[in-house]
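Participant: Take a look at my_file15.cif, mmCIF, C-alpha atoms:
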```cif
data_protein
#
loop_
_atom_site.group_PDB
_atom_site.id
_atom_site.type_symbol
_atom_site.label_atom_id
_atom_site.label_comp_id
_atom_site.auth_asym_id
_atom_site.auth_seq_id
_atom_site.Cartn_x
_atom_site.Cartn_y
_atom_site.Cartn_z
ATOM 1 C CA MET A 18 79.562 -73.475 -33.199
ATOM 2 C CA LEU A 19 75.840 -74.005 -33.748
ATOM 3 C CA ALA A 20 75.314 -74.424 -29.993
ATOM 4 C CA VAL A 21 77.065 -71.100 -29.329
ATOM 5 C CA SER A 22 74.888 -69.337 -31.929
ATOM 6 C CA ILE A 23 71.710 -70.744 -30.361
ATOM 7 C CA LEU A 24 72.869 -69.711 -26.896
ATOM 8 C CA LEU A 25 73.645 -66.161 -28.066
ATOM 9 C CA ALA A 26 70.303 -65.882 -29.827
ATOM 10 C CA SER A 27 68.454 -66.958 -26.695
ATOM 11 C CA CYS A 28 70.321 -64.335 -24.653
ATOM 12 C CA ASN A 29 69.183 -61.632 -27.069
ATOM 13 C CA ASP A 30 65.574 -62.693 -26.491
ATOM 14 C CA ALA A 31 65.924 -62.539 -22.701
ATOM 15 C CA PRO A 32 63.676 -59.927 -21.099
ATOM 16 C CA ARG A 33 65.466 -56.712 -20.307
ATOM 17 C CA SER A 34 64.835 -54.836 -17.106
ATOM 18 C CA PRO A 35 62.635 -51.802 -17.764
ATOM 19 C CA ALA A 36 63.935 -48.268 -17.439
ATOM 20 C CA ARG A 37 63.222 -46.685 -14.076
ATOM 21 C CA GLY A 38 60.720 -44.252 -15.610
ATOM 22 C CA ALA A 39 58.835 -47.118 -17.274
ATOM 23 C CA VAL A 40 58.309 -48.772 -13.882
ATOM 24 C CA ALA A 41 56.739 -45.608 -12.442
ATOM 25 C CA LYS A 42 54.227 -45.068 -15.268
ATOM 26 C CA PRO A 43 51.669 -47.677 -14.091
ATOM 27 C CA ARG A 44 51.931 -46.259 -10.548
ATOM 28 C CA PHE A 45 51.403 -42.761 -11.951
ATOM 29 C CA GLU A 46 48.280 -43.874 -13.837
ATOM 30 C CA ARG A 47 46.880 -45.459 -10.667
ATOM 31 C CA TRP A 48 47.635 -42.263 -8.729
ATOM 32 C CA LEU A 49 45.875 -40.169 -11.391
ATOM 33 C CA ASP A 50 42.841 -42.472 -11.239
ATOM 34 C CA ALA A 51 42.747 -42.075 -7.440
ATOM 35 C CA GLY A 52 41.393 -38.532 -7.793
ATOM 36 C CA HIS A 53 44.367 -36.483 -8.981
ATOM 37 C CA ARG A 54 43.708 -36.239 -12.720
ATOM 38 C CA VAL A 55 41.876 -32.877 -12.662
ATOM 39 C CA GLN A 56 44.691 -31.159 -10.698
ATOM 40 C CA VAL A 57 47.364 -32.632 -12.960
ATOM 41 C CA ASP A 58 45.490 -31.632 -16.115
ATOM 42 C CA ALA A 59 45.224 -28.054 -14.817
ATOM 43 C CA TYR A 60 48.972 -27.972 -14.031
ATOM 44 C CA ARG A 61 49.778 -29.440 -17.459
ATOM 45 C CA ALA A 62 47.584 -26.784 -19.120
ATOM 46 C CA HIS A 63 49.387 -24.047 -17.176
ATOM 47 C CA LEU A 64 52.780 -25.356 -18.353
ATOM 48 C CA GLN A 65 51.548 -25.636 -21.934
ATOM 49 C CA ARG A 66 50.441 -22.003 -21.861
ATOM 50 C CA GLN A 67 54.014 -21.145 -20.858
ATOM 51 C CA GLN A 68 55.341 -23.351 -23.700
ATOM 52 C CA LEU A 69 56.882 -25.700 -21.128
ATOM 53 C CA GLY A 70 54.438 -28.594 -21.385
ATOM 54 C CA ASP A 71 56.854 -30.819 -23.287
ATOM 55 C CA THR A 72 59.933 -30.110 -21.182
ATOM 56 C CA MET A 73 59.607 -33.270 -19.132
ATOM 57 C CA PRO A 74 57.092 -36.075 -18.563
ATOM 58 C CA MET A 75 54.480 -35.251 -15.904
ATOM 59 C CA ASP A 76 55.137 -38.491 -14.026
ATOM 60 C CA ALA A 77 58.774 -37.373 -13.634
ATOM 61 C CA LEU A 78 57.957 -33.752 -12.771
ATOM 62 C CA LEU A 79 55.479 -34.730 -10.057
ATOM 63 C CA ARG A 80 57.696 -37.199 -8.171
ATOM 64 C CA THR A 81 57.995 -36.187 -4.547
ATOM 65 C CA SER A 82 61.127 -37.893 -3.279
ATOM 66 C CA ARG A 83 63.454 -40.821 -3.787
ATOM 67 C CA ARG A 84 62.360 -41.859 -0.272
ATOM 68 C CA TRP A 85 58.598 -41.700 -0.752
ATOM 69 C CA ARG A 86 58.091 -45.287 0.428
ATOM 70 C CA ILE A 87 60.196 -44.840 3.574
ATOM 71 C CA CYS A 88 58.397 -41.560 4.251
ATOM 72 C CA LEU A 89 54.969 -43.222 3.868
ATOM 73 C CA HIS A 90 54.011 -40.605 1.303
ATOM 74 C CA ASP A 91 52.536 -40.632 -2.189
ATOM 75 C CA GLU A 92 55.138 -41.011 -4.905
ATOM 76 C CA PHE A 93 53.570 -38.092 -6.803
ATOM 77 C CA ALA A 94 52.118 -34.720 -5.807
ATOM 78 C CA THR A 95 50.787 -31.643 -7.584
ATOM 79 C CA PRO A 96 52.048 -28.332 -6.182
ATOM 80 C CA PRO A 97 49.467 -25.802 -5.005
ATOM 81 C CA ALA A 98 48.304 -23.467 -7.795
ATOM 82 C CA ALA A 99 50.024 -20.476 -6.186
ATOM 83 C CA LEU A 100 53.414 -22.222 -6.412
ATOM 84 C CA GLN A 101 53.050 -23.619 -9.924
ATOM 85 C CA PRO A 102 54.619 -20.616 -11.740
ATOM 86 C CA ASN A 103 57.779 -20.971 -9.604
ATOM 87 C CA ILE A 104 58.954 -23.985 -11.622
ATOM 88 C CA GLU A 105 59.017 -22.128 -14.941
ATOM 89 C CA PRO A 106 62.613 -20.760 -14.814
ATOM 90 C CA THR A 107 63.899 -24.148 -13.671
ATOM 91 C CA LEU A 108 62.092 -25.936 -16.499
ATOM 92 C CA ARG A 109 63.661 -23.515 -18.977
ATOM 93 C CA VAL A 110 67.122 -24.444 -17.667
ATOM 94 C CA ILE A 111 66.212 -28.135 -17.835
ATOM 95 C CA ALA A 112 65.102 -27.742 -21.449
ATOM 96 C CA ARG A 113 68.479 -26.220 -22.314
ATOM 97 C CA LEU A 114 70.359 -28.984 -20.480
ATOM 98 C CA ARG A 115 68.286 -31.571 -22.339
ATOM 99 C CA GLU A 116 69.071 -29.924 -25.676
ATOM 100 C CA ALA A 117 72.780 -29.935 -24.772
ATOM 101 C CA GLY A 118 72.547 -33.680 -24.059
ATOM 102 C CA LEU A 119 73.472 -33.224 -20.400
ATOM 103 C CA LEU A 120 70.240 -34.278 -18.724
ATOM 104 C CA ASP A 121 67.394 -36.712 -19.291
ATOM 105 C CA PRO A 122 64.241 -35.078 -17.845
ATOM 106 C CA ALA A 123 62.621 -38.518 -17.450
ATOM 107 C CA LEU A 124 65.213 -39.233 -14.743
ATOM 108 C CA ALA A 125 63.779 -36.659 -12.336
ATOM 109 C CA ARG A 126 63.537 -38.067 -8.822
ATOM 110 C CA SER A 127 62.079 -35.228 -6.765
ATOM 111 C CA GLY A 128 60.149 -32.068 -7.603
ATOM 112 C CA TRP A 129 57.706 -30.242 -5.350
ATOM 113 C CA ARG A 130 57.565 -31.499 -1.766
ATOM 114 C CA ASP A 131 55.401 -30.470 1.119
ATOM 115 C CA SER A 132 57.140 -29.771 4.438
ATOM 116 C CA ARG A 133 56.449 -33.249 5.854
ATOM 117 C CA ILE A 134 58.089 -35.247 3.077
ATOM 118 C CA ASN A 135 60.824 -32.628 2.764
ATOM 119 C CA ARG A 136 61.761 -33.235 6.406
ATOM 120 C CA CYS A 137 61.614 -37.006 5.981
ATOM 121 C CA ALA A 138 63.712 -36.843 2.794
ATOM 122 C CA GLY A 139 66.428 -34.877 4.603
ATOM 123 C CA GLY A 140 65.739 -31.606 2.773
ATOM 124 C CA ALA A 141 66.953 -28.295 4.155
ATOM 125 C CA SER A 142 64.421 -26.293 6.157
ATOM 126 C CA SER A 143 64.537 -23.659 3.404
ATOM 127 C CA SER A 144 64.507 -26.217 0.579
ATOM 128 C CA ARG A 145 63.596 -24.837 -2.827
ATOM 129 C CA HIS A 146 61.565 -28.023 -3.356
ATOM 130 C CA MET A 147 58.925 -26.624 -1.000
ATOM 131 C CA GLN A 148 58.688 -23.525 -3.208
ATOM 132 C CA ASN A 149 58.354 -25.647 -6.385
ATOM 133 C CA ASN A 150 61.585 -24.203 -7.754
ATOM 134 C CA ALA A 151 63.855 -27.290 -7.683
ATOM 135 C CA ILE A 152 64.141 -30.737 -9.204
ATOM 136 C CA ASP A 153 66.534 -33.573 -8.345
ATOM 137 C CA PHE A 154 67.793 -35.847 -11.113
ATOM 138 C CA ASP A 155 69.812 -38.945 -11.730
ATOM 139 C CA LEU A 156 72.459 -38.325 -14.362
ATOM 140 C CA PRO A 157 72.928 -40.726 -17.261
ATOM 141 C CA GLU A 158 75.913 -43.024 -16.743
ATOM 142 C CA ARG A 159 78.773 -41.337 -18.626
ATOM 143 C CA ALA A 160 82.332 -40.618 -17.541
ATOM 144 C CA ASP A 161 82.206 -36.977 -18.632
ATOM 145 C CA ASN A 162 78.828 -36.088 -17.060
ATOM 146 C CA VAL A 163 80.068 -34.022 -14.149
ATOM 147 C CA ALA A 164 82.757 -32.151 -16.082
ATOM 148 C CA ASP A 165 80.332 -31.275 -18.908
ATOM 149 C CA LEU A 166 77.570 -30.241 -16.506
ATOM 150 C CA CYS A 167 79.955 -28.060 -14.479
ATOM 151 C CA ALA A 168 81.265 -26.421 -17.660
ATOM 152 C CA TRP A 169 77.688 -25.626 -18.708
ATOM 153 C CA TRP A 170 76.896 -24.294 -15.219
ATOM 154 C CA ARG A 171 79.971 -22.016 -15.261
ATOM 155 C CA GLN A 172 79.073 -20.622 -18.683
ATOM 156 C CA HIS A 173 75.278 -20.316 -18.424
ATOM 157 C CA GLY A 174 74.532 -20.596 -14.710
ATOM 158 C CA PRO A 175 75.059 -16.951 -13.699
ATOM 159 C CA ARG A 176 72.520 -15.607 -16.194
ATOM 160 C CA ALA A 177 70.080 -18.470 -15.485
ATOM 161 C CA ARG A 178 70.497 -18.063 -11.693
ATOM 162 C CA MET A 179 71.158 -21.805 -11.619
ATOM 163 C CA GLY A 180 71.888 -23.645 -8.411
ATOM 164 C CA LEU A 181 73.651 -26.985 -8.902
ATOM 165 C CA GLY A 182 73.996 -29.389 -6.003
ATOM 166 C CA PHE A 183 75.615 -32.817 -5.872
ATOM 167 C CA TYR A 184 74.402 -35.582 -3.583
ATOM 168 C CA THR A 185 76.707 -37.976 -5.452
ATOM 169 C CA SER A 186 78.367 -37.889 -8.861
ATOM 170 C CA THR A 187 75.121 -39.167 -10.411
ATOM 171 C CA ALA A 188 72.457 -37.635 -8.133
ATOM 172 C CA ILE A 189 72.038 -33.878 -8.522
ATOM 173 C CA HIS A 190 69.805 -30.946 -7.608
ATOM 174 C CA ILE A 191 68.918 -28.076 -9.945
ATOM 175 C CA ASP A 192 67.064 -24.887 -9.063
ATOM 176 C CA THR A 193 66.958 -21.279 -10.200
ATOM 177 C CA ALA A 194 67.214 -19.560 -6.827
ATOM 178 C CA GLY A 195 70.662 -18.085 -7.469
ATOM 179 C CA TYR A 196 73.999 -18.980 -9.037
ATOM 180 C CA ARG A 197 75.709 -21.308 -6.589
ATOM 181 C CA THR A 198 76.934 -24.865 -6.178
ATOM 182 C CA TRP A 199 77.366 -27.269 -3.285
ATOM 183 C CA GLY A 200 78.212 -30.836 -2.416
ATOM 184 C CA THR A 201 77.622 -33.424 0.259
ATOM 185 C CA ASP A 202 78.068 -31.043 3.206
ATOM 186 C CA ARG A 203 75.828 -28.429 1.495
ATOM 187 C CA THR A 204 78.730 -26.028 1.019
ATOM 188 C CA ARG A 205 80.588 -24.924 -2.097
ATOM 189 C CA ARG A 206 83.742 -26.575 -0.763
ATOM 190 C CA THR A 207 82.472 -30.092 -1.562
ATOM 191 C CA SER A 208 80.834 -29.343 -4.906
ATOM 192 C CA LEU A 209 82.102 -31.584 -7.680
ATOM 193 C CA CYS A 210 82.411 -28.419 -9.797
ATOM 194 C CA ASN A 211 85.265 -27.350 -7.509
ATOM 195 C CA THR A 212 87.292 -30.541 -7.694
ATOM 196 C CA LYS A 213 89.653 -31.590 -10.456
ATOM 197 C CA ARG A 214 88.368 -34.723 -12.161
#
```
Represent the structure of the file as structure tokens.

Facilitator:
Amino acid sequence: MLAVSILLASCNDAPRSPARGAVAKPRFERWLDAGHRVQVDAYRAHLQRQQLGDTMPMDALLRTSRRWRICLHDEFATPPAALQPNIEPTLRVIARLREAGLLDPALARSGWRDSRINRCAGGASSSRHMQNNAIDFDLPERADNVADLCAWWRQHGPRARMGLGFYTSTAIHIDTAGYRTWGTDRTRRTSLCNTKR
């Protein structure tokens, strides 16, 4: 019995793998130090003036693509100043989803993308990412995620002009370019909001 207790205690002391966001933070700091801090501070100040500065961590907001390594691109990018206001309606939706417990903003995987990384990442030629109006997320692992998110989208999406796309049941796209939903073939037909779960 003593041996089992010691074994269990040692398992509790075993290092745990860090959260995905925690892994990116040192890379984000290095990227900032490589000459991007002034641009990011200006973007952060803009969002704070709009009372959106605390909606999501900057290292999550500025991620370019899940495929940044394959695309030989920086993991992070600051959108041009002219496009920065475009994210505001989307951040307001994200804040509401966070408050409802449906989304963790730290799990953002792709925000603004230039045309080159958008092409490499498989984005549509008219992708809202290039307009700084869309963010892709990983959903927390819960059985009711999709049903709860779709219910929220049906109730609040029309007024918020929320677009909700599904790459998988745990990888989603959110924008505010119009009330619509789509799935793997980029049509409404394959949206997980249209299937019975």

Participant: Counting all atoms listed in the file, which of A:Asn149, A:Thr204, A:Ser186, A:Asn211 gets nearest to Gln101 (chain A)?

Facilitator: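 Looking at the shortest contact to Gln101 (chain A), the residue is A:Asn149.
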
Participant: Report as a list in words the full result of the PyMOL selection byres ((chain A and resi 98) around 10) when it is applied to this structure.

Facilitator: Gln56, Ala59, Tyr60, His63, Thr95, Pro96, Pro97, Ala99, Leu100, Gln101, Pro102 and Asn103 of chain A

Participant: So, with only C-alpha atoms as the atoms that count, which of A:Ala117, A:Cys167, A:Leu124, A:Ala141 lies closest to Arg203 (chain A)?

Facilitator: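 Going through A:Ala117, A:Cys167, A:Leu124, A:Ala141 one by one, the smallest distance to Arg203 (chain A) is for A:Ala141.
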
Participant: Between CA of Thr198 (chain A) and CA of Phe93 (chain A), what distance in Å does the model show, to one decimal?

Facilitator: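 Those two atoms sit 26.9 Å apart.
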
Participant: Quick one: what's the axis-aligned box for region 95-111 of chain A, all listed atoms, 5 Å on every side, centre and edges in Å to one decimal, as JSON?

Facilitator:
```
{"center_x": 57.7, "center_y": -26.1, "center_z": -12.0, "size_x": 28.8, "size_y": 21.2, "size_z": 24.0}
```

Participant: Please list as number ranges by chain every residue within 12 Å of Gln65 (chain A), counting only C-alpha atoms and excluding residues in the same chain fewer than 5 positions away.

Facilitator: A: 58-60, 70-73, 75, 102, 105, 108

Participant: What is the distance between CA of Glu116 (chain A) and CA of Tyr196 (chain A), in Å to one decimal?

Facilitator: 20.5 Å

Participant: Record the distance separating CA of Ala160 (chain A) and CA of Leu79 (chain A), expressed in Å with one decimal.

Facilitator: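 Answer for the CA of Ala160 (chain A) to CA of Leu79 (chain A) separation: 28.5 Å.
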
Participant: Can you find the residues with an atom no farther than 9 Å from (65.2, -44.6, 5.1), counting all atoms listed in the file, and report them as a list in words?

Facilitator: Arg84, Arg86, Ile87, Cys88, Cys137 and Ala138 of chain A

Participant: Select all residues near (47.4, -35.7, -14.1) (cut-off 12 Å, inclusive, file coordinates), counting only C-alpha atoms, and output them as an MDAnalysis selection string.

Facilitator: chainID A and resid 42 45:62 74:80 93:96

Participant: I'd like the neighbourhood of Thr185 (chain A) as number ranges by chain, where a residue qualifies if any of its atoms comes within 10 Å (using all atoms listed in the file), though same-chain residues fewer than 2 positions away should be ignored.

Facilitator: A: 155-156, 182-183, 187-189, 200-201, 208-209
